[in-house]
Amino acid sequence: MSWESNVRKVVPYVAGEQPSGKVIKLNTNENPYAPAPGVEEVLKNTDISILRKYPDMNSGLIVNALAEKYRVKPSQVFVGVGSDDVLAMAFLTFFNSGKKILFPDITYSFYDVWADLFGIPYEQIPLDDDFVIHPEDYDKENGGVIFPNPNAPTGVAMDLTGVKQILDLNRDVVCIVDEAYVDFGTKSALELLPEYDNLLVVQTFSKSRSMAGMRIGYAIGNEKLISYLQDVKFSFNSYTMNTVTLAAGAEAVRDDEYFKKSCEKIIKTREKLKKDLKELGFAFSDSKANFIFATHPDVYAEKIYNELKKRNIYVRYFKKPRIDNYLRITVGTDEECDELVRNLREITA
């Protein structure tokens, strides 16, 4: 028998391109601005002799900083190597009933990858024609629920009334609200935690805190949920967060003023980009994220994507059912977005 017959074979997640050289990179929802100034100070002043020792397996620096910011107990906070790591641990920990978990059909494309990898059955619930999640569609027997808010790649946000409706319909399973983009204009479900012991809220430093390269994600929930997550983490890899990342991440959380100003700049640029895209004939939902999911009535999305790429401007194109005529455009700096619009004007003329 060939050894390959015993290999786990999966279709992996496909990330956005990471081009090198001088390009305008608007394809992976990175923040165009630098992290908080204190992060640079941490990196400059780190004594490298500390790297000979293992990091704090409990990630105390970041856990305590997050607990203080969100006014929860440290025992309610779980951190990992990016929100992808946190979400993967949550799938392993909470989705074990053998029943199908539920998530939208157009959403973060890692969900079905993790489900397939871990052998978790799932059902994808269709968004409506306007890419909206309808809470009543989640009123069925299941083994858990997960959805982003705002959703990705659409940018459409659900108000807390809708989130509460999904939670009320699914009190006997864990419900995960993936809030990677929440800081760009959506109300967080964190305020619902006292009411729902089955709610896990997941956020990341990759977008609003400009630290995608550091890989920091976290979950906040009731103490029992977090305890179960910690047990799985420590059964997998106790030392997931390195020492420098812990110190830099904690500093980023402390500088709330810089964080808010960075988010405000992106929101302002996003609203201007919406106006510019509308003038070019593009249609899109009212994004509350740091990207816009847009389609043009006359020029096919794949053609626009390829033409932009020839001009060293990268946006994201998904060749998938229902969304293969849309582009996901990250909000960059004002200058980057102006250059994007100038080129789109030529391509769509």
# chains A, B, ... in the order shown; residues from 1 in each chain; ligands from 1
>>> residues_around(residues="stretch 337-344 of chain A", least_positions_apart="4", cutoff="12 Å", atoms="only C-alpha atoms", output="PyMOL selection string")
chain A and resi 23-26+32+266+268-282+291-292+295-296+299+301+303-315+329-333+348-349
>>> select_by_dssp(residues="stretch 3-144 of chain A", states="helix (DSSP H, G or I)", output="VMD selection string")
chain A and resid 3 to 6 37 to 45 48 to 52 60 to 70 74 to 76 82 to 94 111 to 118 135 to 138
>>> write_last_selection(atoms="C-alpha atoms", output="compact mmCIF listing (two decimals), in the first residue's frame")
# COMPACT_ATOMS: atom_id res chain seq x y z
CA TRP A 3 2.07 5.76 2.04
CA GLU A 4 -0.07 8.37 0.28
CA SER A 5 -3.21 6.41 1.06
CA ASN A 6 -2.81 7.46 4.71
CA PRO A 37 4.51 54.41 18.15
CA GLY A 38 5.02 52.39 21.33
CA VAL A 39 5.31 49.23 19.26
CA GLU A 40 8.40 50.64 17.54
CA GLU A 41 9.88 51.50 20.92
CA VAL A 42 9.36 47.93 22.13
CA LEU A 43 11.15 46.57 19.06
CA LYS A 44 14.04 49.02 19.43
CA ASN A 45 14.54 48.42 23.12
CA ILE A 48 17.58 39.97 22.79
CA SER A 49 19.00 37.94 25.68
CA ILE A 50 15.39 37.32 26.76
CA LEU A 51 14.88 35.25 23.62
CA ARG A 52 16.89 32.39 25.13
CA GLY A 60 -0.14 37.59 30.44
CA LEU A 61 1.00 40.93 28.98
CA ILE A 62 -1.58 40.92 26.18
CA VAL A 63 -4.29 39.12 28.16
CA ASN A 64 -4.13 41.67 30.97
CA ALA A 65 -4.03 44.64 28.58
CA LEU A 66 -7.08 43.37 26.71
CA ALA A 67 -8.93 42.55 29.93
CA GLU A 68 -8.37 46.08 31.18
CA LYS A 69 -9.44 47.66 27.89
CA TYR A 70 -12.66 45.64 27.57
CA PRO A 74 -8.22 38.03 32.38
CA SER A 75 -9.79 34.57 32.64
CA GLN A 76 -12.25 35.68 29.95
CA GLY A 82 -3.67 35.67 14.68
CA SER A 83 -7.42 35.25 14.76
CA ASP A 84 -7.01 32.32 12.35
CA ASP A 85 -5.24 30.40 15.11
CA VAL A 86 -7.91 31.40 17.64
CA LEU A 87 -10.74 30.37 15.30
CA ALA A 88 -9.09 27.05 14.45
CA MET A 89 -8.79 26.30 18.17
CA ALA A 90 -12.44 27.24 18.63
CA PHE A 91 -13.49 24.85 15.84
CA LEU A 92 -11.49 22.06 17.50
CA THR A 93 -12.87 22.85 20.93
CA PHE A 94 -16.55 23.57 20.40
CA TYR A 111 -14.44 28.28 7.63
CA ASP A 112 -15.10 25.41 5.26
CA VAL A 113 -11.37 24.62 5.13
CA TRP A 114 -11.22 24.14 8.91
CA ALA A 115 -14.44 22.14 8.88
CA ASP A 116 -13.05 19.80 6.23
CA LEU A 117 -9.68 19.55 7.99
CA PHE A 118 -11.24 18.64 11.33
CA PRO A 135 -31.15 35.48 11.48
CA GLU A 136 -34.27 33.32 11.03
CA ASP A 137 -32.33 31.17 8.56
CA TYR A 138 -30.28 29.94 11.52
>>> closest_residue(among="A:Ala219, A:Leu167, A:Met214, A:Val173", to="A:Ala252", atoms="only C-alpha atoms")
A:Met214
>>> atom_distance(atom1="atom CA of A:Asn151", atom2="atom CA of A:Pro19")
25.5 Å
>>> residues_around(residues="A:Leu199", least_positions_apart="6", cutoff="8 Å", atoms="only C-alpha atoms", output="list in words")
Leu167, Val174, Cys175, Ile176, Val177, Leu193, Gly221 and Asn222 of chain A
>>> closest_residue(among="A:Thr46, A:Ser206, A:Ser109, A:Asn29", to="A:Lys320", atoms="only C-alpha atoms")
A:Ser109
>>> residues_around(residues="stretch 100-103 of chain A", least_positions_apart="3", cutoff="10 Å", atoms="only C-alpha atoms", output="MDAnalysis selection string")
chainID A and resid 91 95:97 106:108 111:112 115 120:127 133 137:138 140:148 173:176
>>> select_by_dssp(residues="stretch 167-270 of chain A", states="strand (DSSP E or B)", output="list in words")
Cys175, Ile176, Val177, Asp178, Leu199, Leu200, Val201, Val202, Gln203, Thr204, Gly217, Tyr218, Ala219 and Ile220 of chain A
>>> residues_around(residues="A:Lys187", least_positions_apart="6", cutoff="12 Å", atoms="only C-alpha atoms", output="list in words")
Asn149, Pro150, Ala157, Met158, Asp159, Leu160, Thr161, Gly162, Val163, Val177, Glu179, Tyr181, Lys288 and Ala289 of chain A
>>> write_last_selection(atoms="C-alpha atoms", output="PDB file, in the first residue's frame")
ATOM      1  CA  ASN A 149     -19.667  40.852  11.528  1.00  0.00           C
ATOM      2  CA  PRO A 150     -19.099  42.790   9.319  1.00  0.00           C
ATOM      3  CA  ALA A 157     -22.752  44.527   8.899  1.00  0.00           C
ATOM      4  CA  MET A 158     -25.552  43.202  11.101  1.00  0.00           C
ATOM      5  CA  ASP A 159     -26.841  45.256  13.999  1.00  0.00           C
ATOM      6  CA  LEU A 160     -26.863  43.774  17.493  1.00  0.00           C
ATOM      7  CA  THR A 161     -30.576  43.049  17.254  1.00  0.00           C
ATOM      8  CA  GLY A 162     -29.820  40.543  14.507  1.00  0.00           C
ATOM      9  CA  VAL A 163     -26.888  39.077  16.432  1.00  0.00           C
ATOM     10  CA  VAL A 177     -18.989  36.190  16.114  1.00  0.00           C
ATOM     11  CA  GLU A 179     -15.195  40.608  14.427  1.00  0.00           C
ATOM     12  CA  TYR A 181     -13.386  44.308  10.914  1.00  0.00           C
ATOM     13  CA  LYS A 288     -18.555  48.882   7.358  1.00  0.00           C
ATOM     14  CA  ALA A 289     -15.142  47.248   6.983  1.00  0.00           C
TER      15      ALA A 289
END
>>> atom_distance(atom1="atom CA of A:Tyr317", atom2="atom CA of A:Ser262")
26.3 Å
>>> closest_residue(among="A:Ala247, A:Pro153, A:Met241, A:Arg316", to="A:Gln18", atoms="only C-alpha atoms")
A:Arg316
>>> closest_residue(among="A:Leu225, A:Met211, A:Val81, A:Leu169", to="A:Gly249", atoms="only C-alpha atoms")
A:Met211
>>> atom_distance(atom1="atom CA of A:Phe293", atom2="atom CA of A:Arg328")
4.4 Å
>>> residues_around(residues="A:Met57", least_positions_apart="5", cutoff="8 Å", atoms="only C-alpha atoms", output="number ranges by chain")
A: 238-241
>>> decode(residues="stretch 54-91 of chain A", atoms="N, CA and C atoms", output="mmCIF file, in the first residue's frame")
data_model
loop_
_atom_site.group_PDB
_atom_site.id
_atom_site.type_symbol
_atom_site.label_atom_id
_atom_site.label_comp_id
_atom_site.auth_asym_id
_atom_site.auth_seq_id
_atom_site.Cartn_x
_atom_site.Cartn_y
_atom_site.Cartn_z
ATOM 1 N N TYR A 54 11.877 30.588 27.218
ATOM 2 C CA TYR A 54 10.524 30.426 26.689
ATOM 3 C C TYR A 54 9.650 31.620 27.061
ATOM 4 N N PRO A 55 8.698 31.974 26.205
ATOM 5 C CA PRO A 55 7.775 33.067 26.539
ATOM 6 C C PRO A 55 6.768 32.630 27.604
ATOM 7 N N ASP A 56 6.025 33.587 28.088
ATOM 8 C CA ASP A 56 4.951 33.314 29.049
ATOM 9 C C ASP A 56 3.853 32.512 28.354
ATOM 10 N N MET A 57 3.645 31.279 28.762
ATOM 11 C CA MET A 57 2.658 30.436 28.091
ATOM 12 C C MET A 57 1.238 30.943 28.291
ATOM 13 N N ASN A 58 1.033 31.781 29.295
ATOM 14 C CA ASN A 58 -0.300 32.342 29.533
ATOM 15 C C ASN A 58 -0.506 33.695 28.851
ATOM 16 N N SER A 59 0.524 34.185 28.151
ATOM 17 C CA SER A 59 0.424 35.437 27.381
ATOM 18 C C SER A 59 -0.088 36.589 28.237
ATOM 19 N N GLY A 60 0.406 36.662 29.462
ATOM 20 C CA GLY A 60 -0.140 37.591 30.438
ATOM 21 C C GLY A 60 -0.136 39.046 30.025
ATOM 22 N N LEU A 61 0.922 39.512 29.337
ATOM 23 C CA LEU A 61 0.996 40.926 28.975
ATOM 24 C C LEU A 61 -0.190 41.347 28.112
ATOM 25 N N ILE A 62 -0.462 40.567 27.073
ATOM 26 C CA ILE A 62 -1.576 40.919 26.184
ATOM 27 C C ILE A 62 -2.911 40.623 26.845
ATOM 28 N N VAL A 63 -3.026 39.491 27.506
ATOM 29 C CA VAL A 63 -4.287 39.121 28.158
ATOM 30 C C VAL A 63 -4.714 40.204 29.144
ATOM 31 N N ASN A 64 -3.786 40.664 29.968
ATOM 32 C CA ASN A 64 -4.127 41.670 30.972
ATOM 33 C C ASN A 64 -4.464 43.015 30.333
ATOM 34 N N ALA A 65 -3.733 43.377 29.269
ATOM 35 C CA ALA A 65 -4.026 44.640 28.584
ATOM 36 C C ALA A 65 -5.412 44.612 27.953
ATOM 37 N N LEU A 66 -5.760 43.493 27.332
ATOM 38 C CA LEU A 66 -7.081 43.368 26.711
ATOM 39 C C LEU A 66 -8.192 43.334 27.758
ATOM 40 N N ALA A 67 -7.927 42.624 28.857
ATOM 41 C CA ALA A 67 -8.931 42.546 29.925
ATOM 42 C C ALA A 67 -9.225 43.929 30.492
ATOM 43 N N GLU A 68 -8.180 44.725 30.660
ATOM 44 C CA GLU A 68 -8.369 46.078 31.177
ATOM 45 C C GLU A 68 -9.135 46.937 30.181
ATOM 46 N N LYS A 69 -8.778 46.844 28.903
ATOM 47 C CA LYS A 69 -9.440 47.664 27.890
ATOM 48 C C LYS A 69 -10.923 47.340 27.804
ATOM 49 N N TYR A 70 -11.263 46.042 27.785
ATOM 50 C CA TYR A 70 -12.655 45.644 27.568
ATOM 51 C C TYR A 70 -13.421 45.394 28.874
ATOM 52 N N ARG A 71 -12.765 45.655 29.991
ATOM 53 C CA ARG A 71 -13.390 45.562 31.312
ATOM 54 C C ARG A 71 -13.971 44.174 31.565
ATOM 55 N N VAL A 72 -13.140 43.178 31.307
ATOM 56 C CA VAL A 72 -13.494 41.794 31.616
ATOM 57 C C VAL A 72 -12.375 41.195 32.465
ATOM 58 N N LYS A 73 -12.586 40.021 32.970
ATOM 59 C CA LYS A 73 -11.548 39.346 33.741
ATOM 60 C C LYS A 73 -10.498 38.760 32.796
ATOM 61 N N PRO A 74 -9.234 38.699 33.207
ATOM 62 C CA PRO A 74 -8.223 38.030 32.381
ATOM 63 C C PRO A 74 -8.613 36.601 32.018
ATOM 64 N N SER A 75 -9.355 35.950 32.899
ATOM 65 C CA SER A 75 -9.793 34.574 32.645
ATOM 66 C C SER A 75 -10.858 34.488 31.560
ATOM 67 N N GLN A 76 -11.287 35.641 31.054
ATOM 68 C CA GLN A 76 -12.249 35.675 29.945
ATOM 69 C C GLN A 76 -11.584 35.930 28.597
ATOM 70 N N VAL A 77 -10.258 36.001 28.578
ATOM 71 C CA VAL A 77 -9.518 36.359 27.362
ATOM 72 C C VAL A 77 -8.605 35.216 26.941
ATOM 73 N N PHE A 78 -8.632 34.913 25.665
ATOM 74 C CA PHE A 78 -7.771 33.895 25.054
ATOM 75 C C PHE A 78 -7.046 34.537 23.885
ATOM 76 N N VAL A 79 -5.744 34.336 23.775
ATOM 77 C CA VAL A 79 -4.995 34.907 22.655
ATOM 78 C C VAL A 79 -4.310 33.810 21.853
ATOM 79 N N GLY A 80 -4.052 34.117 20.590
ATOM 80 C CA GLY A 80 -3.406 33.148 19.717
ATOM 81 C C GLY A 80 -2.670 33.836 18.591
ATOM 82 N N VAL A 81 -2.083 33.040 17.730
ATOM 83 C CA VAL A 81 -1.238 33.540 16.644
ATOM 84 C C VAL A 81 -2.132 33.986 15.483
ATOM 85 N N GLY A 82 -2.690 35.172 15.631
ATOM 86 C CA GLY A 82 -3.666 35.670 14.677
ATOM 87 C C GLY A 82 -5.037 35.099 14.983
ATOM 88 N N SER A 83 -6.079 35.764 14.491
ATOM 89 C CA SER A 83 -7.423 35.252 14.762
ATOM 90 C C SER A 83 -7.662 33.923 14.051
ATOM 91 N N ASP A 84 -6.887 33.629 12.991
ATOM 92 C CA ASP A 84 -7.010 32.316 12.348
ATOM 93 C C ASP A 84 -6.682 31.198 13.331
ATOM 94 N N ASP A 85 -5.623 31.380 14.102
ATOM 95 C CA ASP A 85 -5.242 30.396 15.113
ATOM 96 C C ASP A 85 -6.329 30.265 16.175
ATOM 97 N N VAL A 86 -6.851 31.398 16.618
ATOM 98 C CA VAL A 86 -7.906 31.397 17.636
ATOM 99 C C VAL A 86 -9.156 30.681 17.114
ATOM 100 N N LEU A 87 -9.550 30.992 15.877
ATOM 101 C CA LEU A 87 -10.740 30.372 15.297
ATOM 102 C C LEU A 87 -10.542 28.876 15.084
ATOM 103 N N ALA A 88 -9.360 28.479 14.631
ATOM 104 C CA ALA A 88 -9.090 27.048 14.447
ATOM 105 C C ALA A 88 -9.204 26.302 15.772
ATOM 106 N N MET A 89 -8.673 26.909 16.842
ATOM 107 C CA MET A 89 -8.792 26.296 18.169
ATOM 108 C C MET A 89 -10.252 26.216 18.606
ATOM 109 N N ALA A 90 -11.022 27.239 18.272
ATOM 110 C CA ALA A 90 -12.437 27.240 18.626
ATOM 111 C C ALA A 90 -13.188 26.137 17.877
ATOM 112 N N PHE A 91 -12.878 25.940 16.594
ATOM 113 C CA PHE A 91 -13.487 24.849 15.839
ATOM 114 C C PHE A 91 -13.171 23.518 16.510
#
